[in-house]
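**Student:** One file is attached below, structure.cif, containing mmCIF, C-alpha atoms and all ligand atoms.
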```
data_entry
loop_
_atom_site.group_PDB
_atom_site.id
_atom_site.type_symbol
_atom_site.label_atom_id
_atom_site.label_comp_id
_atom_site.auth_asym_id
_atom_site.auth_seq_id
_atom_site.Cartn_x
_atom_site.Cartn_y
_atom_site.Cartn_z
ATOM 1 C CA MET O 196 60.758 71.145 87.669
ATOM 2 C CA SER O 197 57.098 72.237 87.923
ATOM 3 C CA LEU O 198 55.664 74.635 85.355
ATOM 4 C CA ALA O 199 55.452 77.414 87.969
ATOM 5 C CA ALA O 200 59.067 76.872 89.027
ATOM 6 C CA ALA O 201 60.201 76.792 85.409
ATOM 7 C CA ALA O 202 58.382 80.053 84.724
ATOM 8 C CA SER O 203 60.046 81.820 87.665
ATOM 9 C CA ALA O 204 63.550 80.343 87.120
ATOM 10 C CA PRO O 205 65.928 82.985 85.811
ATOM 11 C CA GLU O 206 67.086 82.593 82.253
ATOM 12 C CA PRO O 207 70.819 82.033 81.785
ATOM 13 C CA VAL O 208 72.709 84.969 80.291
ATOM 14 C CA MET O 209 74.646 82.470 78.240
ATOM 15 C CA ARG O 210 74.052 78.784 77.685
ATOM 16 C CA ALA O 211 76.057 76.227 75.717
ATOM 17 C CA THR O 212 74.291 72.951 74.957
ATOM 18 C CA ASP O 213 76.053 69.816 73.701
ATOM 19 C CA LEU O 214 78.758 71.812 71.935
ATOM 20 C CA VAL O 215 80.884 69.929 69.447
ATOM 21 C CA ALA O 216 83.638 71.975 67.829
ATOM 22 C CA GLY O 217 87.125 71.685 66.407
ATOM 23 C CA TYR O 218 89.719 73.195 64.121
ATOM 24 C CA LEU O 219 90.675 70.423 61.696
ATOM 25 C CA PRO O 220 88.242 68.353 59.617
ATOM 26 C CA GLY O 221 87.281 65.171 61.435
ATOM 27 C CA VAL O 222 88.941 66.171 64.727
ATOM 28 C CA ASN O 223 86.612 67.347 67.461
ATOM 29 C CA ILE O 224 88.131 69.209 70.404
ATOM 30 C CA LEU O 225 84.850 69.868 72.207
ATOM 31 C CA ASN O 226 82.880 66.633 72.461
ATOM 32 C CA GLY O 227 79.542 67.768 73.858
ATOM 33 C CA CYS O 228 80.159 70.572 76.343
ATOM 34 C CA ASN O 229 77.413 72.116 78.432
ATOM 35 C CA LEU O 230 77.660 75.359 80.344
ATOM 36 C CA ASP O 231 75.312 77.936 81.877
ATOM 37 C CA VAL O 232 76.006 81.318 83.349
ATOM 38 C CA TYR O 233 73.151 82.997 85.207
ATOM 39 C CA PRO O 234 72.861 86.754 85.766
ATOM 40 C CA GLY O 235 75.552 87.992 88.138
ATOM 41 C CA GLU O 236 77.404 84.680 88.347
ATOM 42 C CA LEU O 237 81.159 84.172 88.248
ATOM 43 C CA ILE O 238 81.830 80.817 86.587
ATOM 44 C CA GLY O 239 85.220 79.108 86.698
ATOM 45 C CA ILE O 240 86.457 76.591 84.135
ATOM 46 C CA ILE O 241 89.417 74.435 85.087
ATOM 47 C CA GLY O 242 90.992 71.324 83.608
ATOM 48 C CA PRO O 243 94.270 69.927 82.308
ATOM 49 C CA ASN O 244 96.300 71.486 79.487
ATOM 50 C CA GLY O 245 94.723 70.714 76.155
ATOM 51 C CA ALA O 246 91.317 69.917 77.682
ATOM 52 C CA GLY O 247 89.646 72.424 75.359
ATOM 53 C CA LYS O 248 89.102 75.327 77.786
ATOM 54 C CA SER O 249 90.298 78.027 75.385
ATOM 55 C CA THR O 250 88.456 76.299 72.548
ATOM 56 C CA LEU O 251 85.244 76.456 74.557
ATOM 57 C CA LEU O 252 85.605 80.219 75.072
ATOM 58 C CA LYS O 253 86.440 80.663 71.389
ATOM 59 C CA ALA O 254 83.385 78.611 70.414
ATOM 60 C CA LEU O 255 81.177 80.808 72.632
ATOM 61 C CA PHE O 256 82.673 83.875 70.956
ATOM 62 C CA GLY O 257 82.264 82.690 67.357
ATOM 63 C CA LEU O 258 85.971 82.114 66.741
ATOM 64 C CA VAL O 259 85.797 78.342 66.258
ATOM 65 C CA ASN O 260 83.486 76.455 63.969
ATOM 66 C CA VAL O 261 80.656 74.878 66.009
ATOM 67 C CA ARG O 262 79.794 71.521 64.404
ATOM 68 C CA SER O 263 76.741 70.755 66.502
ATOM 69 C CA GLY O 264 75.016 71.965 69.636
ATOM 70 C CA SER O 265 74.042 75.538 70.370
ATOM 71 C CA VAL O 266 74.962 78.739 72.166
ATOM 72 C CA THR O 267 72.311 81.164 73.393
ATOM 73 C CA LEU O 268 72.611 84.682 74.775
ATOM 74 C CA ASN O 269 69.650 85.752 76.905
ATOM 75 C CA GLY O 270 67.630 82.978 75.292
ATOM 76 C CA ARG O 271 68.501 83.978 71.716
ATOM 77 C CA ASP O 272 70.405 81.557 69.501
ATOM 78 C CA ILE O 273 73.847 83.006 68.684
ATOM 79 C CA THR O 274 75.538 79.782 67.511
ATOM 80 C CA GLY O 275 78.212 80.581 64.949
ATOM 81 C CA GLN O 276 77.647 84.334 65.059
ATOM 82 C CA LYS O 277 80.707 86.423 64.322
ATOM 83 C CA ALA O 278 82.668 88.041 67.128
ATOM 84 C CA ASN O 279 81.855 91.645 66.122
ATOM 85 C CA LYS O 280 78.113 90.891 66.287
ATOM 86 C CA LEU O 281 78.594 89.284 69.686
ATOM 87 C CA VAL O 282 80.467 92.314 71.024
ATOM 88 C CA GLN O 283 77.532 94.441 69.912
ATOM 89 C CA ALA O 284 75.142 92.016 71.617
ATOM 90 C CA GLY O 285 76.964 92.324 74.957
ATOM 91 C CA VAL O 286 79.703 89.690 75.019
ATOM 92 C CA GLY O 287 83.275 90.658 75.957
ATOM 93 C CA PHE O 288 86.260 88.384 75.381
ATOM 94 C CA VAL O 289 89.829 88.589 76.687
ATOM 95 C CA PRO O 290 91.976 85.971 74.902
ATOM 96 C CA GLN O 291 94.768 84.027 76.601
ATOM 97 C CA THR O 292 97.558 85.718 74.599
ATOM 98 C CA ASN O 293 98.149 88.682 72.277
ATOM 99 C CA ASN O 294 95.324 90.581 73.888
ATOM 100 C CA VAL O 295 96.515 94.187 73.501
ATOM 101 C CA PHE O 296 97.631 96.330 70.553
ATOM 102 C CA PRO O 297 101.283 96.873 71.609
ATOM 103 C CA SER O 298 101.978 99.869 69.343
ATOM 104 C CA LEU O 299 98.924 101.781 70.603
ATOM 105 C CA THR O 300 98.717 103.700 73.871
ATOM 106 C CA ILE O 301 96.580 102.507 76.756
ATOM 107 C CA GLU O 302 93.903 105.053 75.888
ATOM 108 C CA GLU O 303 93.937 104.079 72.206
ATOM 109 C CA ASN O 304 93.587 100.417 73.194
ATOM 110 C CA LEU O 305 90.538 101.307 75.251
ATOM 111 C CA GLN O 306 89.173 103.383 72.384
ATOM 112 C CA MET O 307 89.455 100.314 70.126
ATOM 113 C CA GLY O 308 87.228 98.471 72.578
ATOM 114 C CA LEU O 309 84.497 101.017 71.918
ATOM 115 C CA PHE O 310 84.809 101.424 68.157
ATOM 116 C CA LEU O 311 81.181 100.359 67.762
ATOM 117 C CA ARG O 312 79.947 103.206 70.013
ATOM 118 C CA PRO O 313 82.506 106.035 69.853
ATOM 119 C CA LYS O 314 80.089 108.638 71.242
ATOM 120 C CA MET O 315 80.153 106.926 74.628
ATOM 121 C CA LEU O 316 83.945 107.255 74.938
ATOM 122 C CA LYS O 317 84.178 109.875 77.679
ATOM 123 C CA GLU O 318 81.577 108.244 79.886
ATOM 124 C CA ARG O 319 82.992 104.732 79.510
ATOM 125 C CA LEU O 320 86.593 105.856 80.046
ATOM 126 C CA GLU O 321 85.578 107.472 83.335
ATOM 127 C CA SER O 322 83.915 104.336 84.585
ATOM 128 C CA ILE O 323 86.801 102.092 83.422
ATOM 129 C CA PHE O 324 89.459 104.350 84.985
ATOM 130 C CA ASP O 325 87.482 104.099 88.191
ATOM 131 C CA LEU O 326 87.996 100.309 88.136
ATOM 132 C CA PHE O 327 91.612 100.544 86.914
ATOM 133 C CA PRO O 328 93.025 103.809 88.347
ATOM 134 C CA VAL O 329 96.587 102.887 87.389
ATOM 135 C CA LEU O 330 95.595 102.944 83.704
ATOM 136 C CA ALA O 331 94.317 106.519 84.020
ATOM 137 C CA ASP O 332 97.695 107.763 85.231
ATOM 138 C CA ARG O 333 99.476 106.071 82.347
ATOM 139 C CA ARG O 334 96.943 106.478 79.576
ATOM 140 C CA ALA O 335 99.537 107.878 77.115
ATOM 141 C CA GLN O 336 101.959 104.968 77.567
ATOM 142 C CA ARG O 337 102.268 102.415 74.764
ATOM 143 C CA ALA O 338 100.764 99.033 75.712
ATOM 144 C CA GLY O 339 103.855 97.241 74.347
ATOM 145 C CA SER O 340 105.992 98.775 77.095
ATOM 146 C CA LEU O 341 103.769 97.533 79.948
ATOM 147 C CA SER O 342 104.414 94.613 82.306
ATOM 148 C CA GLY O 343 102.407 91.389 81.931
ATOM 149 C CA GLY O 344 100.019 92.362 84.717
ATOM 150 C CA GLU O 345 99.456 95.824 83.314
ATOM 151 C CA ARG O 346 98.766 94.410 79.851
ATOM 152 C CA GLN O 347 96.258 92.028 81.373
ATOM 153 C CA SER O 348 94.514 95.029 82.980
ATOM 154 C CA VAL O 349 94.429 96.853 79.636
ATOM 155 C CA ALA O 350 92.978 93.786 77.920
ATOM 156 C CA MET O 351 90.284 93.396 80.559
ATOM 157 C CA ALA O 352 89.522 97.114 80.542
ATOM 158 C CA ARG O 353 89.236 97.102 76.738
ATOM 159 C CA ALA O 354 86.726 94.242 76.853
ATOM 160 C CA LEU O 355 84.708 96.171 79.462
ATOM 161 C CA MET O 356 84.489 99.343 77.359
ATOM 162 C CA MET O 357 81.307 98.095 75.652
ATOM 163 C CA ASP O 358 79.731 97.428 79.053
ATOM 164 C CA PRO O 359 79.163 93.719 78.295
ATOM 165 C CA SER O 360 76.581 91.605 80.084
ATOM 166 C CA VAL O 361 78.927 88.619 79.988
ATOM 167 C CA LEU O 362 82.710 88.638 80.007
ATOM 168 C CA LEU O 363 84.840 85.675 78.876
ATOM 169 C CA LEU O 364 88.315 85.625 80.451
ATOM 170 C CA ASP O 365 90.984 83.175 79.329
ATOM 171 C CA GLU O 366 93.573 82.687 82.079
ATOM 172 C CA PRO O 367 93.719 86.240 83.402
ATOM 173 C CA SER O 368 96.351 85.316 86.007
ATOM 174 C CA ALA O 369 98.739 83.460 83.660
ATOM 175 C CA GLY O 370 102.380 84.473 83.883
ATOM 176 C CA LEU O 371 101.864 86.890 86.781
ATOM 177 C CA SER O 372 103.647 86.980 90.136
ATOM 178 C CA PRO O 373 101.602 85.666 93.100
ATOM 179 C CA VAL O 374 100.836 89.220 94.250
ATOM 180 C CA ARG O 375 99.676 90.300 90.789
ATOM 181 C CA GLN O 376 97.669 87.083 90.444
ATOM 182 C CA ASP O 377 95.868 87.898 93.627
ATOM 183 C CA GLU O 378 95.136 91.422 92.448
ATOM 184 C CA THR O 379 93.727 89.981 89.233
ATOM 185 C CA PHE O 380 91.386 87.634 91.106
ATOM 186 C CA ILE O 381 90.224 90.426 93.413
ATOM 187 C CA ARG O 382 89.626 92.746 90.455
ATOM 188 C CA THR O 383 87.736 90.021 88.578
ATOM 189 C CA ARG O 384 85.445 89.561 91.562
ATOM 190 C CA ARG O 385 84.985 93.338 91.797
ATOM 191 C CA ILE O 386 84.014 93.586 88.138
ATOM 192 C CA ASN O 387 81.599 90.710 88.681
ATOM 193 C CA LYS O 388 80.049 92.581 91.633
ATOM 194 C CA THR O 389 79.271 95.506 89.316
ATOM 195 C CA GLY O 390 76.795 93.156 87.624
ATOM 196 C CA VAL O 391 78.869 91.620 84.810
ATOM 197 C CA SER O 392 78.451 87.849 84.533
ATOM 198 C CA ILE O 393 81.854 86.243 84.040
ATOM 199 C CA ILE O 394 83.152 82.971 82.614
ATOM 200 C CA MET O 395 86.785 82.598 83.628
ATOM 201 C CA VAL O 396 89.190 79.881 82.479
ATOM 202 C CA GLU O 397 92.049 79.385 84.935
ATOM 203 C CA GLN O 398 95.174 77.273 85.444
ATOM 204 C CA ASN O 399 95.288 78.474 89.016
ATOM 205 C CA ALA O 400 92.519 76.016 89.828
ATOM 206 C CA ARG O 401 92.333 76.289 93.612
ATOM 207 C CA ARG O 402 92.247 80.060 93.642
ATOM 208 C CA CYS O 403 89.689 80.046 90.853
ATOM 209 C CA LEU O 404 87.400 77.680 92.774
ATOM 210 C CA GLN O 405 87.745 79.884 95.872
ATOM 211 C CA ILE O 406 86.296 82.920 94.145
ATOM 212 C CA CYS O 407 83.835 81.474 91.630
ATOM 213 C CA ASP O 408 80.164 80.822 92.348
ATOM 214 C CA ARG O 409 80.120 77.658 90.260
ATOM 215 C CA GLY O 410 82.782 75.770 88.411
ATOM 216 C CA TYR O 411 83.173 73.293 85.580
ATOM 217 C CA VAL O 412 86.010 70.814 85.240
ATOM 218 C CA LEU O 413 86.617 70.182 81.567
ATOM 219 C CA ASP O 414 88.495 67.078 80.422
ATOM 220 C CA GLN O 415 88.979 65.964 76.811
ATOM 221 C CA GLY O 416 86.352 68.395 75.626
ATOM 222 C CA ARG O 417 83.647 67.161 78.002
ATOM 223 C CA ASN O 418 82.233 68.258 81.346
ATOM 224 C CA ALA O 419 83.917 66.030 83.908
ATOM 225 C CA TYR O 420 82.598 67.659 87.114
ATOM 226 C CA THR O 421 80.378 70.621 87.928
ATOM 227 C CA GLY O 422 79.341 72.190 91.211
ATOM 228 C CA THR O 423 79.810 75.232 93.386
ATOM 229 C CA GLY O 424 83.416 76.355 93.737
ATOM 230 C CA ARG O 425 83.406 74.960 97.271
ATOM 231 C CA GLU O 426 81.934 71.593 96.278
ATOM 232 C CA LEU O 427 84.556 71.100 93.579
ATOM 233 C CA ALA O 428 87.439 72.225 95.791
ATOM 234 C CA ASP O 429 86.335 69.702 98.467
ATOM 235 C CA ASP O 430 85.506 66.810 96.098
ATOM 236 C CA PRO O 431 88.087 64.029 96.681
ATOM 237 C CA LYS O 432 87.948 62.954 93.024
ATOM 238 C CA VAL O 433 88.504 66.502 91.773
ATOM 239 C CA ILE O 434 91.346 66.920 94.265
ATOM 240 C CA GLU O 435 92.943 63.644 93.219
ATOM 241 C CA LEU O 436 92.587 64.159 89.476
ATOM 242 C CA TYR O 437 92.828 67.918 89.001
ATOM 243 C CA LEU O 438 94.064 69.637 92.139
ATOM 244 C CA GLY O 439 96.425 66.978 93.504
ATOM 245 C CA THR O 440 99.653 68.222 91.985
ATOM 246 C CA LEU O 441 98.880 71.706 93.086
ATOM 247 C CA ALA O 442 98.068 70.546 96.627
ATOM 248 C CA LYS O 443 101.473 68.818 96.792
ATOM 249 C CA ASP O 444 103.176 71.980 95.517
ATOM 250 C CA VAL O 445 101.450 74.080 98.174
ATOM 251 C CA GLU O 446 102.510 71.601 100.859
ATOM 252 C CA ALA O 447 106.116 71.699 99.651
ATOM 253 C CA ASP O 448 106.071 75.510 99.592
ATOM 254 C CA ALA O 449 104.751 75.585 103.147
ATOM 255 C CA LYS O 450 107.570 73.292 104.276
ATOM 256 C CA GLY O 451 110.153 75.523 102.639
ATOM 257 C CA PRO O 452 112.857 74.602 100.122
ATOM 258 C CA ASP O 453 115.098 72.742 102.598
ATOM 259 C CA ALA O 454 112.405 70.609 104.203
ATOM 260 C CA PRO O 455 112.522 66.845 103.569
ATOM 261 C CA GLY O 456 110.346 66.005 100.595
ATOM 262 C CA ALA O 457 110.198 69.590 99.410
ATOM 263 C CA ILE O 458 110.907 70.111 95.725
HETATM 264 N N1 LIG O 501 94.242 76.708 66.058
HETATM 265 C C1 LIG O 501 94.284 75.400 66.317
HETATM 266 N N2 LIG O 501 94.376 74.486 65.324
HETATM 267 C C2 LIG O 501 94.403 73.150 65.581
HETATM 268 N N3 LIG O 501 94.325 72.612 66.816
HETATM 269 C C3 LIG O 501 94.244 73.471 67.838
HETATM 270 C C4 LIG O 501 94.214 74.897 67.655
HETATM 271 N N4 LIG O 501 94.117 75.494 68.876
HETATM 272 C C5 LIG O 501 94.088 74.487 69.781
HETATM 273 N N5 LIG O 501 94.155 73.278 69.152
HETATM 274 C C6 LIG O 501 94.144 71.970 69.824
HETATM 275 O O1 LIG O 501 92.962 71.855 70.595
HETATM 276 C C7 LIG O 501 93.220 71.158 71.804
HETATM 277 C C8 LIG O 501 92.653 71.985 72.978
HETATM 278 O O2 LIG O 501 93.358 73.212 73.007
HETATM 279 P P1 LIG O 501 92.914 74.396 73.971
HETATM 280 O O3 LIG O 501 93.826 75.525 73.652
HETATM 281 O O4 LIG O 501 91.445 74.611 73.857
HETATM 282 O O5 LIG O 501 93.229 73.748 75.399
HETATM 283 P P2 LIG O 501 93.260 74.429 76.837
HETATM 284 O O6 LIG O 501 92.414 73.570 77.718
HETATM 285 O O7 LIG O 501 92.928 75.866 76.734
HETATM 286 O O8 LIG O 501 94.796 74.213 77.226
HETATM 287 P P3 LIG O 501 95.790 75.168 78.082
HETATM 288 O O9 LIG O 501 95.497 74.862 79.525
HETATM 289 O O10 LIG O 501 97.149 74.659 77.689
HETATM 290 O O11 LIG O 501 95.560 76.599 77.709
HETATM 291 C C9 LIG O 501 94.712 70.924 71.878
HETATM 292 O O12 LIG O 501 94.967 69.602 71.527
HETATM 293 C C10 LIG O 501 95.273 71.866 70.844
HETATM 294 O O13 LIG O 501 96.426 71.344 70.246
HETATM 295 MG MG MG O 502 93.977 77.587 77.057
#
```
Is it possible to give me this structure as structure tokens?
Ligand SMILES: Nc1ncnc2c1ncn2[C@@H]1O[C@H](COP(=O)(O)OP(=O)(O)OP(=O)(O)O)[C@@H](O)[C@H]1O
Ligand SMILES: [Mg+2]
**Tutor:**
Amino acid sequence: MSLAAAASAPEPVMRATDLVAGYLPGVNILNGCNLDVYPGELIGIIGPNGAGKSTLLKALFGLVNVRSGSVTLNGRDITGQKANKLVQAGVGFVPQTNNVFPSLTIEENLQMGLFLRPKMLKERLESIFDLFPVLADRRAQRAGSLSGGERQSVAMARALMMDPSVLLLDEPSAGLSPVRQDETFIRTRRINKTGVSIIMVEQNARRCLQICDRGYVLDQGRNAYTGTGRELADDPKVIELYLGTLAKDVEADAKGPDAPGAI
């Protein structure tokens, strides 16, 4: 890249460089991961179970010990910073599981998302209820009594209360019916269109690649493939190694349960 091009290239909102991280001494789960998200991008991360996708998000959010490599936020080194500092700096995180306070109401859950800036509550609630109207109607209901999809909405809404510049989503469509999954993907794209950069981990790989700007295939804690969502979805190697099973399932579904070869 020329000096002039480098000077005009946008800076990534978040960048992970050669990340090595793990839980147990001597066992690395991430083995040199690289990832960039540029302003306004929706990034998808796919890969087999146990590839380290959740670990990568946790490492970006200061929840896993980073052994080497770095994470930057708008060019500033944030490697190893604690989650509460990162929330203050503009990072939102929705974990894969246990992502709401079940004994609190929807409104109280959202309030918890803004504990660092309580004075903004009214203004932020209005803007969040605009994105999630169903939560406004049921704001007094306890989160523990909600369906999986509704809980997922509460978790996402809570992470958005601080108006983050980058949002990390771990499997937002997991465990939902196909209709609810679709709603989740559409909502994620809508949130992204409001200007929030998003890094989304997904099991629903094909759908994820359809809506993301760029994607990363993670395997054994390393980047296996990267490209636009379209490039990855059309790449024969990615199809064979990571989308193949799903493609067969879709084919079988299309044939119907009684068709020869259908599962
Ligand atoms: N708290 C933990 N302590 C020790 N090992 C862990 C811990 N959490 C995850 N691991 C291990 O790290 C590896 C990667 O796990 P991770 O949850 O990051 O995978 P993933 O790609 O998100 O998988 P999935 O698609 O099933 O959600 C796995 O081998 C897992 O057993
Ligand atoms: Mg995971």
**Student:** What does the structure give for the distance between atom CA of Ile394 of chain O and atom CA of Pro234 of chain O, in Å to one decimal?
**Tutor:**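 Computing the Euclidean distance for atom CA of Ile394 of chain O and atom CA of Pro234 of chain O yields 11.4 Å.
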**Student:** Give as a PyMOL selection string the residues that the PyMOL selection byres (((chain O and resi 344-361) around 9) and not hetatm) matches when applied to the coordinates above.
**Tutor:** chain O and resi 208-209+232+234-235+282-290+294-295+297+301+304-312+315-316+319-320+322-324+326-327+329-330+338-343+362-364+367-368+370-372+375-376+379+390-394
**Student:** With all atoms listed in the file as the basis for distance, which of O:Arg337, O:Gln276, O:Ile381, O:Leu404 is at the shortest distance from Thr421 of chain O?
**Tutor:**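 Ranked by minimum distance to Thr421 of chain O, first place goes to O:Leu404.
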**Student:** Using only C-alpha atoms and all ligand atoms, find each protein or nucleic acid residue lying at most 7 Å from ligand MG 502 (chain O); present the set as number ranges by chain.
**Tutor:** O: 244-245, 247-249, 291, 365
**Student:** Please compute the atom CA of Ile238 of chain O-atom CA of Ala278 of chain O distance, one decimal, in Å.
**Tutor:**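 Here the two named atoms are 20.8 Å from each other.
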**Student:** Once 3 Å is added on each side, what centre and edge lengths in Å to one decimal does the axis-aligned box around all listed atoms of ligand LIG 501 (chain O) have, as JSON?
**Tutor:**
```
{"center_x": 94.3, "center_y": 73.2, "center_z": 72.4, "size_x": 11.7, "size_y": 13.1, "size_z": 20.2}
```
**Student:** The PyMOL selection byres (((not hetatm)) within 9 of (chain O and resi 501)) - which residues does that actually catch in the file I just gave you? List them as a PyMOL selection string.
**Tutor:** chain O and resi 217-219+222-225+241-253+259+291+365-366+396-398+413-416
**Student:** List the residues sitting within 10 Å of (92.0, 70.4, 98.9) in the file's frame, using all atoms listed in the file, as a PyMOL selection string.
**Tutor:** chain O and resi 401+425+427-431+433-435+438-439+441-443
**Student:** Here is a test: counting only C-alpha atoms, which residue of O:Asp332, O:Arg417, O:Val412, O:Asp231 is nearest to Val215 of chain O?
**Tutor:** O:Arg417
**Student:** Just the number, please: distance in Å from atom CA of Cys403 of chain O to atom CA of Leu237 of chain O, one decimal.
**Tutor:**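 Separation between atom CA of Cys403 of chain O and atom CA of Leu237 of chain O: 9.8 Å.
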**Student:** Return the single residue from O:Glu206, O:Glu378, O:Glu302, O:Glu426 that is closest to Leu268 of chain O, with distances computed using all atoms listed in the file.
**Tutor:**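 Selected residue with least distance to Leu268 of chain O: O:Glu206.
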**Student:** Run through the PyMOL selection byres (((chain O and resi 230) around 9) and not hetatm) on the given coordinates and return the selected residues as a ChimeraX atom specification.
**Tutor:** /O:209-213,228-229,231-232,411,418
**Student:** Generate a file of the selected residues that holds C-alpha atoms, formatted as a PDB file, keeping the file's coordinate frame.
**Tutor:**
```pdb
ATOM      1  CA  MET O 209      74.646  82.470  78.240  1.00  0.00           C
ATOM      2  CA  ARG O 210      74.052  78.784  77.685  1.00  0.00           C
ATOM      3  CA  ALA O 211      76.057  76.227  75.717  1.00  0.00           C
ATOM      4  CA  THR O 212      74.291  72.951  74.957  1.00  0.00           C
ATOM      5  CA  ASP O 213      76.053  69.816  73.701  1.00  0.00           C
ATOM      6  CA  CYS O 228      80.159  70.572  76.343  1.00  0.00           C
ATOM      7  CA  ASN O 229      77.413  72.116  78.432  1.00  0.00           C
ATOM      8  CA  ASP O 231      75.312  77.936  81.877  1.00  0.00           C
ATOM      9  CA  VAL O 232      76.006  81.318  83.349  1.00  0.00           C
ATOM     10  CA  TYR O 411      83.173  73.293  85.580  1.00  0.00           C
ATOM     11  CA  ASN O 418      82.233  68.258  81.346  1.00  0.00           C
TER      12      ASN O 418
END
```
**Student:** Give the answer as one residue: which of O:Phe296, O:Tyr420, O:Phe380, O:Tyr233 has the shortest atom-to-atom distance to Ile406 of chain O, using all atoms listed in the file?
**Tutor:** O:Phe380
